[in-house]
file work38.txt (compact mmCIF, C-alpha atoms and all ligand atoms)
# COMPACT_ATOMS: atom_id res chain seq x y z
CA MET U 1186 95.16 104.40 116.79
CA PRO U 1187 93.49 101.44 118.54
CA ASN U 1188 91.06 99.90 116.11
CA ASN U 1189 88.76 97.76 118.19
CA HIS U 1190 86.07 100.35 118.03
CA ALA U 1191 83.96 101.44 115.13
CA PHE U 1192 85.32 104.45 113.40
CA LYS U 1193 83.35 107.63 113.00
CA ALA U 1194 83.93 108.87 109.49
CA SER U 1195 82.17 110.84 106.88
CA ILE U 1196 82.06 109.56 103.34
CA ASP U 1197 80.53 111.75 100.64
CA GLY U 1198 78.75 113.69 103.33
CA VAL U 1199 76.92 110.64 104.68
CA SER U 1200 77.50 110.13 108.37
CA GLN U 1201 79.04 106.71 109.04
CA GLN U 1202 78.48 106.89 112.81
CA ARG U 1203 79.80 103.77 114.50
CA LYS U 1204 79.51 101.78 111.31
CA PRO U 1205 82.25 99.13 111.59
CA ILE U 1206 84.86 99.20 108.85
CA VAL U 1207 86.31 95.91 107.66
CA THR U 1208 89.39 96.13 105.46
CA VAL U 1209 90.04 93.21 103.13
CA TYR U 1210 93.54 92.78 101.79
CA GLY U 1211 92.70 91.49 98.34
CA ASP U 1212 90.76 92.54 95.27
CA GLY U 1213 89.38 89.34 93.75
CA GLN U 1214 85.99 87.66 93.69
CA LEU U 1215 86.15 86.57 97.33
CA ALA U 1216 86.35 90.17 98.53
CA ARG U 1217 83.70 91.16 95.96
CA MET U 1218 81.26 88.55 97.27
CA MET U 1219 81.56 89.91 100.82
CA GLU U 1220 79.91 93.13 99.63
CA PRO U 1221 76.24 91.99 99.52
CA ALA U 1222 76.50 90.70 103.10
CA ALA U 1223 78.29 93.87 104.21
CA ALA U 1224 75.56 96.01 102.63
CA GLU U 1225 72.82 94.00 104.37
CA LEU U 1226 74.50 94.37 107.75
CA ASP U 1227 75.57 97.98 107.12
CA ILE U 1228 79.22 97.09 107.50
CA HIS U 1229 81.58 99.39 105.64
CA LEU U 1230 83.87 97.30 103.46
CA ARG U 1231 87.19 98.62 102.21
CA VAL U 1232 89.48 96.74 99.84
CA LEU U 1233 93.13 97.06 99.02
CA ALA U 1234 93.32 96.64 95.25
CA SER U 1235 96.17 96.65 92.78
CA SER U 1236 94.06 98.53 90.22
CA PRO U 1237 90.54 100.03 90.01
CA ASP U 1238 89.31 97.46 87.49
CA LYS U 1239 89.89 94.46 89.79
CA SER U 1240 86.87 92.29 90.60
CA ALA U 1241 86.24 93.68 94.11
CA ALA U 1242 87.24 97.26 93.26
CA GLN U 1243 84.46 97.41 90.63
CA VAL U 1244 81.70 97.09 93.22
CA ILE U 1245 83.14 98.32 96.52
CA PRO U 1246 83.30 102.13 96.65
CA ASP U 1247 86.06 102.39 99.26
CA VAL U 1248 89.17 101.22 97.43
CA VAL U 1249 92.75 101.85 98.50
CA LEU U 1250 95.09 101.33 95.57
CA GLY U 1251 98.51 99.86 96.19
CA ASP U 1252 100.73 96.84 96.63
CA TYR U 1253 100.16 94.56 99.62
CA HIS U 1254 103.91 94.02 99.90
CA ASP U 1255 104.24 97.64 101.01
CA TYR U 1256 103.66 98.18 104.76
CA GLU U 1257 102.76 101.84 104.30
CA VAL U 1258 100.01 100.81 101.86
CA LEU U 1259 98.71 98.23 104.34
CA THR U 1260 98.43 100.86 107.09
CA ARG U 1261 96.72 103.30 104.73
CA ALA U 1262 94.06 100.66 104.01
CA ALA U 1263 93.81 99.89 107.75
CA ALA U 1264 92.98 103.40 108.97
CA GLY U 1265 89.99 103.32 111.30
CA ALA U 1266 89.11 99.69 110.56
CA ALA U 1267 87.46 97.57 113.24
CA ALA U 1268 89.04 94.48 111.65
CA LEU U 1269 91.60 93.70 108.97
CA THR U 1270 91.21 90.45 107.06
CA PHE U 1271 92.42 88.70 103.91
CA GLU U 1272 91.17 87.01 100.78
CA HIS U 1273 94.55 85.41 100.04
CA GLU U 1274 97.53 84.14 102.04
CA HIS U 1275 100.26 86.26 100.49
CA VAL U 1276 100.52 89.39 102.67
CA PRO U 1277 104.07 89.17 104.14
CA THR U 1278 104.01 87.78 107.68
CA GLU U 1279 106.38 90.43 109.02
CA HIS U 1280 103.96 93.14 107.85
CA VAL U 1281 101.01 91.40 109.50
CA GLU U 1282 102.99 91.15 112.72
CA ALA U 1283 103.88 94.85 112.49
CA LEU U 1284 100.18 95.70 112.05
CA ILE U 1285 99.36 93.75 115.21
CA ALA U 1286 102.19 95.45 117.11
CA ALA U 1287 100.67 98.77 116.00
CA SER U 1288 97.35 97.66 117.64
CA TYR U 1289 95.41 96.86 114.49
CA ASN U 1290 92.87 94.08 114.88
CA VAL U 1291 94.03 91.45 112.36
CA GLN U 1292 91.84 88.37 111.82
CA PRO U 1293 93.04 85.67 111.33
CA GLN U 1294 96.36 86.17 113.10
CA PRO U 1295 99.69 85.11 111.56
CA SER U 1296 100.12 82.41 114.22
CA ALA U 1297 97.22 80.62 112.46
CA LEU U 1298 97.73 81.95 108.93
CA LEU U 1299 101.19 80.41 108.84
CA TYR U 1300 99.59 76.99 108.38
CA ALA U 1301 97.66 78.11 105.32
CA GLN U 1302 100.84 79.58 103.83
CA ASP U 1303 103.29 76.73 104.16
CA LYS U 1304 102.18 73.20 103.27
CA LEU U 1305 105.02 71.51 105.14
CA LEU U 1306 104.42 73.41 108.39
CA MET U 1307 100.71 72.66 107.95
CA ARG U 1308 101.33 68.90 107.61
CA GLN U 1309 103.69 68.91 110.62
CA LYS U 1310 101.19 70.79 112.77
CA LEU U 1311 98.25 68.60 111.77
CA GLU U 1312 100.23 65.46 112.51
CA GLU U 1313 101.07 66.91 115.94
CA LEU U 1314 97.34 67.56 116.53
CA GLY U 1315 96.50 63.98 115.55
CA ALA U 1316 94.52 64.99 112.46
CA PRO U 1317 94.60 62.44 109.62
CA VAL U 1318 97.22 63.33 106.97
CA PRO U 1319 98.93 61.37 104.19
CA ARG U 1320 102.56 60.36 104.78
CA PHE U 1321 104.81 63.31 103.97
CA ALA U 1322 108.40 64.57 104.10
CA ALA U 1323 110.44 67.72 103.61
CA ILE U 1324 112.35 67.56 100.33
CA ASP U 1325 115.62 69.44 100.53
CA SER U 1326 117.62 67.24 98.18
CA VAL U 1327 117.30 64.62 95.47
CA GLU U 1328 118.30 62.06 98.11
CA ASP U 1329 115.30 63.07 100.26
CA ALA U 1330 113.02 62.53 97.25
CA ARG U 1331 114.54 59.14 96.49
CA ALA U 1332 114.15 57.98 100.11
CA PHE U 1333 110.53 59.20 100.27
CA ALA U 1334 109.63 57.53 96.96
CA GLU U 1335 110.95 54.24 98.35
CA ARG U 1336 108.90 54.68 101.51
CA VAL U 1337 105.62 55.17 99.61
CA GLY U 1338 106.21 52.69 96.80
CA GLY U 1339 106.72 55.42 94.19
CA ASN U 1340 103.32 57.08 94.78
CA VAL U 1341 104.70 60.58 95.13
CA CYS U 1342 102.91 63.89 95.02
CA LEU U 1343 105.44 66.73 95.02
CA LYS U 1344 104.36 70.18 96.20
CA ALA U 1345 105.82 73.65 96.43
CA ARG U 1346 105.60 74.54 100.12
CA ARG U 1347 104.41 78.09 99.43
CA GLY U 1348 102.59 80.13 96.82
CA GLY U 1349 100.67 77.33 95.00
CA TYR U 1350 97.06 77.74 93.93
CA ASP U 1351 94.59 75.97 91.65
CA GLY U 1352 97.01 73.09 91.15
CA HIS U 1353 100.02 75.27 90.27
CA GLY U 1354 102.83 73.95 92.42
CA VAL U 1355 101.56 70.33 92.53
CA TRP U 1356 103.24 67.56 90.51
CA PHE U 1357 102.73 63.81 90.14
CA PRO U 1358 106.06 62.70 88.68
CA SER U 1359 106.78 59.17 87.43
CA ALA U 1360 109.77 57.34 88.93
CA GLU U 1361 111.96 58.62 86.07
CA GLU U 1362 110.69 62.18 86.29
CA LEU U 1363 111.00 62.60 90.06
CA GLU U 1364 114.71 63.27 90.54
CA PRO U 1365 115.28 65.65 87.58
CA LEU U 1366 112.13 67.55 88.58
CA VAL U 1367 113.25 67.88 92.19
CA GLN U 1368 116.67 69.07 91.04
CA GLU U 1369 115.14 71.62 88.67
CA LEU U 1370 112.79 73.00 91.34
CA LEU U 1371 115.46 73.17 94.04
CA ASP U 1372 117.79 74.93 91.57
CA ALA U 1373 115.00 77.48 91.07
CA SER U 1374 114.87 77.94 94.90
CA THR U 1375 111.39 76.38 95.26
CA PRO U 1376 111.05 74.98 98.81
CA LEU U 1377 109.50 71.53 98.46
CA MET U 1378 107.67 68.81 100.29
CA ALA U 1379 106.36 65.47 99.16
CA GLU U 1380 103.38 63.46 100.25
CA GLU U 1381 101.90 60.14 99.36
CA LYS U 1382 99.71 60.17 96.26
CA VAL U 1383 96.31 59.17 97.60
CA GLN U 1384 93.93 56.96 95.57
CA LEU U 1385 91.04 59.38 95.84
CA THR U 1386 87.45 58.23 95.72
CA ARG U 1387 86.35 61.86 95.87
CA GLU U 1388 87.26 65.20 97.44
CA LEU U 1389 85.36 66.72 100.32
CA SER U 1390 85.71 69.87 102.29
CA VAL U 1391 84.61 71.01 105.68
CA LEU U 1392 84.03 74.70 106.16
CA VAL U 1393 83.89 76.18 109.60
CA ALA U 1394 83.92 79.68 110.98
CA ARG U 1395 85.37 80.73 114.31
CA ARG U 1396 85.26 84.08 116.06
CA PRO U 1397 87.94 85.44 118.41
CA SER U 1398 85.85 84.76 121.49
CA GLY U 1399 85.81 81.07 120.56
CA GLU U 1400 82.40 80.27 119.03
CA VAL U 1401 82.76 77.82 116.12
CA LYS U 1402 80.17 76.68 113.58
CA ALA U 1403 80.54 74.15 110.76
CA TRP U 1404 78.54 73.96 107.54
CA PRO U 1405 77.41 70.63 106.11
CA ILE U 1406 80.26 68.73 104.40
CA THR U 1407 80.72 69.59 100.73
CA GLU U 1408 81.81 67.28 97.92
CA SER U 1409 83.91 68.94 95.25
CA VAL U 1410 85.06 67.91 91.80
CA GLN U 1411 88.50 69.18 90.84
CA ARG U 1412 89.63 69.23 87.22
CA ASP U 1413 93.30 69.95 86.49
CA GLY U 1414 93.69 71.15 90.07
CA ILE U 1415 90.81 73.64 89.75
CA CYS U 1416 87.48 73.30 91.52
CA ALA U 1417 84.86 72.66 88.82
CA GLU U 1418 81.84 71.74 90.92
CA ALA U 1419 80.67 71.48 94.51
CA CYS U 1420 77.64 69.75 95.96
CA ALA U 1421 76.31 69.93 99.50
CA PRO U 1422 75.48 68.22 101.74
CA ALA U 1423 77.92 65.69 100.22
CA PRO U 1424 75.77 62.88 98.77
CA ASN U 1425 76.04 59.36 100.18
CA LEU U 1426 78.30 60.35 103.04
CA SER U 1427 77.83 58.23 106.13
CA PRO U 1428 76.62 60.28 109.10
CA GLU U 1429 79.59 58.99 111.09
CA LEU U 1430 82.11 60.22 108.56
CA ALA U 1431 80.29 63.53 108.16
CA GLU U 1432 80.48 64.01 111.93
CA ARG U 1433 84.12 63.03 111.99
CA ALA U 1434 84.95 65.47 109.17
CA SER U 1435 83.14 68.26 111.03
CA GLN U 1436 85.07 67.48 114.17
CA VAL U 1437 88.35 67.61 112.23
CA GLY U 1438 87.42 71.08 110.97
CA ILE U 1439 86.33 72.32 114.39
CA GLN U 1440 89.42 70.88 116.07
CA ILE U 1441 91.78 72.52 113.56
CA ALA U 1442 90.02 75.90 113.82
CA THR U 1443 90.10 75.75 117.61
CA GLU U 1444 93.62 74.45 118.11
CA LEU U 1445 95.19 76.78 115.55
CA GLY U 1446 93.13 79.73 116.82
CA VAL U 1447 91.74 80.45 113.35
CA THR U 1448 89.31 83.35 113.07
CA GLY U 1449 86.98 83.92 110.13
CA VAL U 1450 86.22 81.13 107.68
CA LEU U 1451 88.47 78.07 107.58
CA ALA U 1452 88.16 75.61 104.69
CA VAL U 1453 89.70 72.21 105.27
CA GLU U 1454 90.06 70.35 101.98
CA LEU U 1455 89.80 66.61 102.50
CA PHE U 1456 90.78 63.55 100.50
CA ALA U 1457 88.27 60.71 100.65
CA PHE U 1458 89.59 57.25 99.98
CA ALA U 1459 88.50 53.67 100.43
CA ALA U 1460 89.03 52.62 104.04
CA ALA U 1461 91.39 49.70 104.61
CA GLN U 1462 89.70 46.32 104.45
CA ASP U 1463 89.91 44.22 107.56
CA ALA U 1464 90.67 40.50 107.64
CA GLY U 1465 87.03 39.61 107.12
CA SER U 1466 86.97 41.72 103.95
CA ILE U 1467 84.47 44.13 105.46
CA PHE U 1468 85.56 47.75 105.27
CA ALA U 1469 87.02 48.72 108.61
CA SER U 1470 85.36 51.44 110.55
CA ALA U 1471 87.31 54.68 110.42
CA SER U 1472 86.53 55.35 114.05
CA GLY U 1473 87.08 51.78 115.12
CA ALA U 1474 83.58 51.43 116.57
CA PRO U 1475 82.56 47.77 116.44
CA GLY U 1476 79.92 46.73 113.96
CA MET U 1477 79.96 49.99 112.02
CA VAL U 1478 80.57 49.79 108.29
CA VAL U 1479 82.38 52.81 106.91
CA GLU U 1480 83.48 52.50 103.34
CA GLU U 1481 85.34 55.77 103.15
CA ASP U 1482 88.01 57.40 105.20
CA ILE U 1483 89.42 60.92 105.09
CA ALA U 1484 92.73 62.74 105.28
CA VAL U 1485 93.39 66.46 105.25
CA ASN U 1486 94.70 67.95 102.01
CA GLU U 1487 95.02 71.61 102.80
CA LEU U 1488 93.78 74.61 104.74
CA ALA U 1489 92.49 77.98 103.53
CA MET U 1490 91.76 80.71 106.07
CA ARG U 1491 89.24 82.73 104.08
CA PRO U 1492 86.04 82.04 102.16
CA HIS U 1493 86.64 79.19 99.72
CA ASN U 1494 85.38 78.03 96.34
CA THR U 1495 83.84 74.92 97.89
CA GLY U 1496 81.73 77.22 100.08
CA HIS U 1497 80.14 79.32 97.34
CA TRP U 1498 77.02 77.14 97.49
CA THR U 1499 76.25 78.65 100.91
CA GLN U 1500 75.26 81.92 99.19
CA ASP U 1501 72.01 80.37 97.99
CA GLY U 1502 71.84 77.07 99.85
CA CYS U 1503 72.33 78.06 103.48
CA VAL U 1504 70.82 80.25 106.16
CA THR U 1505 74.18 82.06 106.45
CA SER U 1506 76.63 82.34 103.57
CA GLN U 1507 80.36 81.96 104.10
CA PHE U 1508 80.83 85.62 103.14
CA GLU U 1509 78.43 86.91 105.77
CA GLN U 1510 79.88 84.50 108.33
CA HIS U 1511 83.42 85.65 107.61
CA LEU U 1512 82.44 89.27 108.32
CA ARG U 1513 80.56 88.29 111.46
CA ALA U 1514 83.49 86.20 112.66
CA VAL U 1515 86.23 88.78 112.10
CA LEU U 1516 84.10 91.38 113.90
CA ASP U 1517 83.50 88.90 116.74
CA LEU U 1518 79.75 89.02 116.18
CA PRO U 1519 77.56 85.99 117.02
CA LEU U 1520 77.75 83.46 114.18
CA GLY U 1521 74.78 82.71 111.95
CA GLU U 1522 72.96 79.41 111.54
CA THR U 1523 74.60 77.09 109.00
CA ALA U 1524 71.65 74.80 108.23
CA PRO U 1525 71.03 74.08 104.54
CA LEU U 1526 67.91 75.54 102.90
CA ALA U 1527 67.34 72.64 100.50
CA PRO U 1528 68.08 68.91 100.35
CA ILE U 1529 70.86 69.61 97.84
CA THR U 1530 72.73 72.61 96.47
CA VAL U 1531 75.08 72.37 93.50
CA MET U 1532 77.63 74.98 92.51
CA ALA U 1533 79.17 74.82 89.03
CA ASN U 1534 82.12 77.07 88.26
CA VAL U 1535 82.21 79.16 85.10
CA LEU U 1536 85.76 78.68 83.81
CA GLY U 1537 86.83 80.60 80.71
CA ALA U 1538 86.62 78.52 77.49
CA ASP U 1539 89.66 78.05 75.25
CA GLN U 1540 88.00 80.48 72.90
CA ASP U 1541 85.45 82.97 74.22
CA PRO U 1542 82.18 82.63 72.25
CA GLU U 1543 80.96 85.62 70.25
CA LEU U 1544 77.65 85.90 72.10
CA PRO U 1545 78.26 88.59 74.75
CA MET U 1546 78.08 87.46 78.39
CA PRO U 1547 74.91 89.49 79.19
CA GLU U 1548 73.13 87.60 76.40
CA ARG U 1549 74.35 84.30 77.76
CA VAL U 1550 73.05 85.28 81.20
CA ARG U 1551 69.66 86.19 79.67
CA ALA U 1552 69.43 82.76 77.98
CA VAL U 1553 70.25 80.98 81.26
CA MET U 1554 67.63 83.05 83.08
CA GLU U 1555 65.05 82.10 80.47
CA ARG U 1556 65.77 78.39 80.55
CA TYR U 1557 66.55 77.95 84.25
CA PRO U 1558 64.80 80.49 86.47
CA GLU U 1559 66.01 78.48 89.47
CA ALA U 1560 69.69 79.05 88.60
CA LYS U 1561 71.47 81.75 90.58
CA VAL U 1562 74.21 83.29 88.47
CA HIS U 1563 77.22 84.92 90.17
CA LEU U 1564 79.70 86.72 87.92
CA TYR U 1565 82.98 88.27 89.02
CA GLY U 1566 83.38 91.08 86.48
CA LYS U 1567 86.48 89.43 85.05
CA ASP U 1568 87.55 89.40 81.42
CA HIS U 1569 87.78 86.11 79.62
CA GLN U 1570 90.94 84.05 79.87
CA PRO U 1571 91.08 80.31 79.16
CA GLY U 1572 90.53 78.38 82.40
CA ARG U 1573 90.03 81.50 84.50
CA LYS U 1574 87.34 81.50 87.18
CA ILE U 1575 84.91 84.13 85.94
CA GLY U 1576 81.79 83.14 87.85
CA HIS U 1577 79.66 80.31 89.17
CA VAL U 1578 76.08 79.10 89.21
CA ASN U 1579 74.24 77.83 92.28
CA VAL U 1580 71.14 75.67 92.02
CA THR U 1581 69.15 74.23 94.92
CA GLY U 1582 66.86 71.22 94.57
CA ASP U 1583 65.54 67.95 95.90
CA ASP U 1584 67.31 65.55 93.61
CA ALA U 1585 71.13 65.51 93.33
CA ASP U 1586 71.27 64.33 89.69
CA GLU U 1587 68.70 66.79 88.40
CA THR U 1588 70.12 69.69 90.38
CA ARG U 1589 73.60 68.87 89.12
CA ARG U 1590 72.33 68.65 85.53
CA ILE U 1591 70.81 72.12 85.72
CA ALA U 1592 73.84 73.73 87.37
CA ARG U 1593 76.21 72.12 84.85
CA ASP U 1594 74.08 73.06 81.87
CA ALA U 1595 73.71 76.68 83.02
CA ALA U 1596 77.47 77.01 83.68
CA HIS U 1597 78.23 75.31 80.36
CA PHE U 1598 76.11 77.85 78.52
CA LEU U 1599 77.82 80.77 80.26
CA VAL U 1600 81.17 79.33 79.16
CA HIS U 1601 80.37 78.09 75.62
CA ALA U 1602 77.09 79.80 74.60
CA GLN U 1603 75.79 76.27 73.92
CA TRP U 1604 73.68 73.92 76.01
CA ALA U 1605 75.47 70.82 77.26
CA ASN U 1606 72.25 68.81 77.25
CA ASN U 1607 71.22 69.21 73.62
P1 LIG Q 1701 96.46 73.95 95.45
O1 LIG Q 1701 97.11 74.57 96.65
O2 LIG Q 1701 97.05 74.40 94.17
O3 LIG Q 1701 94.96 73.98 95.47
P2 LIG Q 1701 96.34 71.18 96.33
O4 LIG Q 1701 97.40 70.74 97.29
O5 LIG Q 1701 94.98 71.40 96.88
O6 LIG Q 1701 96.89 72.41 95.51
O7 LIG Q 1701 96.24 70.12 95.16
C1 LIG Q 1701 95.43 70.34 94.01
C2 LIG Q 1701 94.72 69.04 93.64
O8 LIG Q 1701 95.68 68.03 93.35
C3 LIG Q 1701 93.87 68.48 94.75
O9 LIG Q 1701 92.59 69.08 94.79
C4 LIG Q 1701 93.82 67.02 94.37
O10 LIG Q 1701 92.89 66.81 93.32
C5 LIG Q 1701 95.20 66.77 93.83
N1 LIG Q 1701 96.11 66.29 94.90
C6 LIG Q 1701 96.84 67.07 95.74
N2 LIG Q 1701 97.54 66.32 96.60
C7 LIG Q 1701 97.27 65.04 96.31
C8 LIG Q 1701 97.68 63.78 96.86
N3 LIG Q 1701 98.53 63.70 97.89
N4 LIG Q 1701 97.16 62.65 96.32
C9 LIG Q 1701 96.30 62.72 95.28
N5 LIG Q 1701 95.87 63.85 94.73
C10 LIG Q 1701 96.34 65.02 95.23

call {"tool": "encode", "arguments": {"input": "work38.txt", "output": "structure tokens"}}
result
Amino acid sequence: MPNNHAFKASIDGVSQQRKPIVTVYGDGQLARMMEPAAAELDIHLRVLASSPDKSAAQVIPDVVLGDYHDYEVLTRAAAGAAALTFEHEHVPTEHVEALIAASYNVQPQPSALLYAQDKLLMRQKLEELGAPVPRFAAIDSVEDARAFAERVGGNVCLKARRGGYDGHGVWFPSAEELEPLVQELLDASTPLMAEEKVQLTRELSVLVARRPSGEVKAWPITESVQRDGICAEACAPAPNLSPELAERASQVGIQIATELGVTGVLAVELFAFAAAQDAGSIFASASGAPGMVVEEDIAVNELAMRPHNTGHWTQDGCVTSQFEQHLRAVLDLPLGETAPLAPITVMANVLGADQDPELPMPERVRAVMERYPEAKVHLYGKDHQPGRKIGHVNVTGDDADETRRIARDAAHFLVHAQWANN
């Protein structure tokens, strides 16, 4: 059945006349957080979940249960949908292509998604587009690793090409560790690449959304703090970022979205590093414009073609959240304004403590509400596990330090049942 038109269905006796159905392949917090926007816009959301207790399945009534590796399951979840989209990159490409061949409207398409799935192909494509990337190489043997290490003076970051997340699949081996590690990973059939280890000053991200008919919009640049490969905090607009670099970062995001034909939200994670000093010991301008002092430069780390942790602040800090924008974009609706609502918004992740405190989570939420009425708590309905993302807190304000203090303290209490600032 062609799926570019809204589907007329009846759910529990309620007429769903021409209400567009969006199917999300995924059952985590990203799919869950699309639900408020879908409800506001009267979009019918359906999720494909592996079990009914998954984060998104708890709050979205239309759940198809099954395994996304199974094409029959994917088509069952696709029935009548105006658009099919993803909250992760792992649906097999051949299945996505088969869905397109069967006339389903898949957004984003595998021709773009490929570059969010494979870090080596992504680096090669970005280099071809002229986007800034660290030096990199395919690693198919210990000899490749040795040659690359020589090229970059031993500053090697080794990465699994596929399947990594939250720092799993990223290694920073010493000179002695590199070759045995490469051998071990290749023996375990892990396709590898290596890139130069960048001396980061901070990490930034540019989020953009693009719809099939071509409209693209970027949000203000976000600064993120990663701990052990996991996003701990995000702050936007990124403090102390030169307007020139902010503009350049936006253009990088818009260019990548446009040239790869991405649809929906695209997050481009960026490394910021000190720009090379010129002969006169003034930091060289990244753009080369004479007389301009730019102390930072950027390179692309990676791409995610879905809402992203560094964009959660847009829920409370922006005219249009990334979740609403993703739905608008995959349905080819006009995109919403991306202007910030406050001078600064800070998002602090709630990551499971080593030991979950005895105070139940609803009591922790009550205490945060009492102390910080300005804090917006977002929980994912996930059980405690050490280090697991179980929620986040957004706080908007005028002052970056004070806003950050409140967001951190509120998140800290949700994690530890103790105030950080006592
Ligand atoms: P994942 O796909 O697991 O999120 P990333 O490639 O984003 O992995 O790497 C996780 C983190 O590791 C990054 O956020 C950054 O802090 C660090 N990192 C990754 N690549 C490099 C690099 N080339 N140089 C320095 N740090 C890096």

call {"tool": "atom_distance", "arguments": {"input": "work38.txt", "atom1": "atom CA of U:Thr1581", "atom2": "atom CA of U:Pro1558"}}
result
11.4 Å

call {"tool": "closest_residue", "arguments": {"input": "work38.txt", "among": "U:Arg1387, U:Arg1217, U:His1280, U:His1577", "to": "U:Val1244", "atoms": "all atoms listed in the file"}}
result
U:Arg1217

call {"tool": "residues_near_ligand", "arguments": {"input": "work38.txt", "ligand": "ligand LIG 1701 (chain Q)", "cutoff": "9 Å", "atoms": "only C-alpha atoms and all ligand atoms", "output": "MDAnalysis selection string"}}
result
chainID U and resid 1304 1319:1321 1340:1345 1347:1357 1379:1385 1387:1388 1409:1416 1454:1456 1486:1489

call {"tool": "atom_distance", "arguments": {"input": "work38.txt", "atom1": "atom CA of U:Leu1250", "atom2": "atom CA of U:Ile1206"}}
result
16.9 Å

call {"tool": "residues_around", "arguments": {"input": "work38.txt", "residues": "stretch 1236-1240 of chain U", "least_positions_apart": "5", "cutoff": "12 Å", "atoms": "only C-alpha atoms", "output": "PyMOL selection string"}}
result
chain U and resi 1211-1220+1245-1253+1564-1568+1574-1576

call {"tool": "atom_distance", "arguments": {"input": "work38.txt", "atom1": "atom CA of U:Ala1533", "atom2": "atom CA of U:Leu1426"}}
result
20.2 Å

call {"tool": "closest_residue", "arguments": {"input": "work38.txt", "among": "U:Val1485, U:Cys1503, U:Leu1230, U:Val1437", "to": "U:Val1393", "atoms": "only C-alpha atoms"}}
result
U:Val1437

call {"tool": "closest_residue", "arguments": {"input": "work38.txt", "among": "U:Asn1579, U:Asn1290, U:Thr1523, U:Gln1510", "to": "U:His1563", "atoms": "all atoms listed in the file"}}
result
U:Asn1579
